[in-house]
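Participant: A single structure is presented below for examination.
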Amino acid sequence: MVTNLADSINNFYEVLVSIFPEKLQFIPTLFFISVGIAVYGIFIWLFYRFLSEKDVLKLNLNQYNKYKHAGIIKFFGILFYIIEFVIISPIIIFIWFSIFSIFMIILAKEVEVGSVILICAALISAIRICAYFKEDLARDIAKLIPLTLLGVSIMTPGFLNIETGVNRMMEVSLFFQNALYYLIFIVVLELILRLLYIPFLWIKSEEDENNDSSAKNK
């Protein structure tokens, strides 16, 4: 399917270029590259704002835990916590990782697909680790590195060749062959980070309670 799509895009591009006079045949290339860079830029803007947050979704499912029995409240509190941070969040992060990997497979034409995916996975993992340490640091990594990679790709020979980029799309299917393993890795990573972060949540919760008690006493 990917091969047929790439061939269709190539044929459409060749027909489109042939419509223009010889001196103006650069226009389709200029247009598609401009749109491509703009789309990538918009994606990175959304990407870094999303992935650099410690709590990527902020669903707060625990707000639906309205039971009065303490045991039931704790049970559903843990259940909602697992659903939000160990199941839903990693899946959303994996979707962003998938889109970013596809972008990079197309941009990094000189790099083997397996290496591109591994680099993207390492970048996503680094962003998530930093998000638990300092969100500003995660935000900088999520923004600066992808934009730097775009700058490097622009200066790489062959970047202006639309047909090469489209042919590179045929290799995107290689990503999905190992997608499950990357999803499992992201789930395990988020689980570990959450488990390490729980003590800090308890400490913060106790500090907030102490502050509230002090305020009431005053």
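Residues are referred to by chain and number: the chain letter is A, B, ... according to the order shown in the structure tokens, the number counts from 1 in that chain, and ligands are numbered separately from 1 in the order shown.
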So that I can see what lies close to Phe94 (chain A), please list as a ChimeraX atom specification the residues with an atom at most 8 Å from it, counting only C-alpha atoms and leaving out residues fewer than 6 positions away in the same chain.
Facilitator: /A:182-183,186
Participant: Can you write just those residues out, N, CA and C atoms, as a PDB file, in the first residue's frame?
Facilitator:
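Output contents, as saved in selection_11.pdb:
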```pdb
ATOM      1  N   TYR A 182       8.613  -1.023  20.711  1.00  0.00           N
ATOM      2  CA  TYR A 182       8.796   0.360  21.159  1.00  0.00           C
ATOM      3  C   TYR A 182       7.653   0.788  22.074  1.00  0.00           C
ATOM      4  N   LEU A 183       6.451   0.336  21.778  1.00  0.00           N
ATOM      5  CA  LEU A 183       5.312   0.643  22.650  1.00  0.00           C
ATOM      6  C   LEU A 183       5.531   0.039  24.035  1.00  0.00           C
ATOM      7  N   ILE A 186       8.078   2.087  25.932  1.00  0.00           N
ATOM      8  CA  ILE A 186       7.530   3.347  26.429  1.00  0.00           C
ATOM      9  C   ILE A 186       6.644   3.112  27.648  1.00  0.00           C
TER      10      ILE A 186
END
```
Participant: Within 6 Å of region 52-56 of chain A, which residues of region 86-162 of chain A come that close, and what is the closest atom pair and distance in Å for each? Count only C-alpha atoms and give it as a tab-separated table.
Facilitator:
```
residue	atom	partner	partner_atom	distance
A:Ala131	CA	A:Lys54	CA	5.1
A:Tyr132	CA	A:Lys54	CA	5.6
A:Glu135	CA	A:Ser52	CA	5.6
A:Ala138	CA	A:Ser52	CA	4.9
A:Arg139	CA	A:Ser52	CA	4.9
```
Participant: Extract, using only C-alpha atoms, all DNA, RNA and protein residues at most 12 Å from Phe159 (chain A), discarding same-chain residues fewer than 4 positions from it, and format them as a PyMOL selection string.
Facilitator: chain A and resi 29-30+32-33+36-37+106-110+150-155+163-166+168
Participant: Could you pull the residues within 12 Å of region 121-128 of chain A, counting only C-alpha atoms, minus those fewer than 4 positions along the same chain, as a PyMOL selection string?
Facilitator: chain A and resi 47-56+89-90+93-102+104+114-117+132-146+149+175+178-179+181-194
Participant: Take the residues from that selection and write them out as a compact mmCIF listing (two decimals), in the first residue's frame, keeping C-alpha atoms.
Facilitator:
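Everything below was put into selection_37.txt:
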```
# COMPACT_ATOMS: atom_id res chain seq x y z
CA PHE A 47 5.09 18.00 20.03
CA TYR A 48 7.36 19.83 22.49
CA ARG A 49 4.48 21.46 24.37
CA PHE A 50 2.83 18.07 24.85
CA LEU A 51 5.70 15.68 25.58
CA SER A 52 7.58 18.02 27.91
CA GLU A 53 4.71 17.95 30.42
CA LYS A 54 5.08 15.52 33.29
CA ASP A 55 1.35 14.76 33.14
CA VAL A 56 0.78 14.68 29.40
CA SER A 89 -0.49 8.24 28.51
CA PRO A 90 2.09 5.77 27.06
CA ILE A 93 3.18 9.21 23.70
CA PHE A 94 3.70 6.28 21.32
CA ILE A 95 1.43 7.93 18.73
CA TRP A 96 3.55 11.10 18.89
CA PHE A 97 6.68 8.97 18.65
CA SER A 98 5.29 7.22 15.56
CA ILE A 99 4.50 10.48 13.76
CA PHE A 100 7.89 11.96 14.68
CA SER A 101 9.67 8.81 13.46
CA ILE A 102 7.85 8.95 10.12
CA MET A 104 12.50 11.74 10.48
CA GLY A 114 16.50 1.30 11.91
CA SER A 115 18.99 3.89 13.15
CA VAL A 116 16.49 6.72 12.64
CA ILE A 117 13.83 4.93 14.68
CA TYR A 132 10.00 14.35 35.58
CA PHE A 133 13.15 16.24 36.56
CA LYS A 134 12.49 19.68 35.06
CA GLU A 135 9.81 20.43 32.50
CA ASP A 136 11.71 23.44 31.13
CA LEU A 137 14.66 21.20 30.28
CA ALA A 138 12.37 18.66 28.60
CA ARG A 139 10.75 21.50 26.65
CA ASP A 140 14.11 22.72 25.36
CA ILE A 141 15.21 19.24 24.27
CA ALA A 142 11.85 18.53 22.60
CA LYS A 143 12.05 21.80 20.68
CA LEU A 144 15.71 22.41 19.88
CA ILE A 145 16.87 18.94 18.78
CA PRO A 146 14.06 18.30 16.23
CA LEU A 149 17.70 18.00 12.82
CA PHE A 175 8.81 1.14 11.44
CA ASN A 178 8.96 -3.36 15.44
CA ALA A 179 6.35 -0.87 16.66
CA TYR A 181 8.47 -3.42 21.04
CA TYR A 182 8.80 0.36 21.16
CA LEU A 183 5.31 0.64 22.65
CA ILE A 184 6.24 -1.86 25.36
CA PHE A 185 9.44 0.08 26.05
CA ILE A 186 7.53 3.35 26.43
CA VAL A 187 4.97 1.72 28.75
CA VAL A 188 7.73 0.25 30.95
CA LEU A 189 9.63 3.56 30.99
CA GLU A 190 6.54 5.54 32.03
CA LEU A 191 5.76 2.94 34.70
CA ILE A 192 9.27 3.21 36.15
CA LEU A 193 9.20 7.01 36.07
CA ARG A 194 5.80 7.08 37.77
```
Participant: Find the residue from A:Pro28, A:Cys120, A:Phe85, A:Leu147 that sits nearest to Ile198 (chain A); use only C-alpha atoms when measuring.
Facilitator: A:Phe85
Participant: Just the number, please: distance in Å from CA of Ser173 (chain A) to CA of Ile9 (chain A), one decimal.
Facilitator: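 Going from CA of Ser173 (chain A) over to CA of Ile9 (chain A), I get 16.5 Å.
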Participant: Residues within 12 Å of Ile27 (chain A), please, as a tab-separated table (two decimals) with C-alpha atoms, in the first residue's frame. Count only C-alpha atoms; anything in the same chain fewer than 4 positions from it doesn't count.
Facilitator:
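And here is the file that came out, out09.tsv:
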```tsv
chain	number	residue	atom	x	y	z
A	13	TYR	CA	4.36	15.25	-9.07
A	16	LEU	CA	2.33	18.64	-12.15
A	17	VAL	CA	5.90	19.70	-12.98
A	18	SER	CA	5.33	19.05	-16.69
A	19	ILE	CA	2.44	21.53	-16.71
A	20	PHE	CA	4.78	24.45	-15.95
A	21	PRO	CA	7.16	26.04	-18.47
A	22	GLU	CA	10.76	24.89	-18.07
A	23	LYS	CA	11.88	28.05	-16.26
A	31	PHE	CA	5.62	24.81	-2.81
A	32	PHE	CA	5.81	21.25	-1.48
A	33	ILE	CA	9.02	21.85	0.45
A	34	SER	CA	7.59	25.05	1.98
A	160	LEU	CA	15.29	19.31	-2.57
```
Participant: I'd like to know which of A:Leu180, A:Ile105, A:Val86, A:Val35 is closest to Asn167 (chain A), using only C-alpha atoms.
Facilitator: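 Smallest separation from Asn167 (chain A) among the options: A:Ile105.
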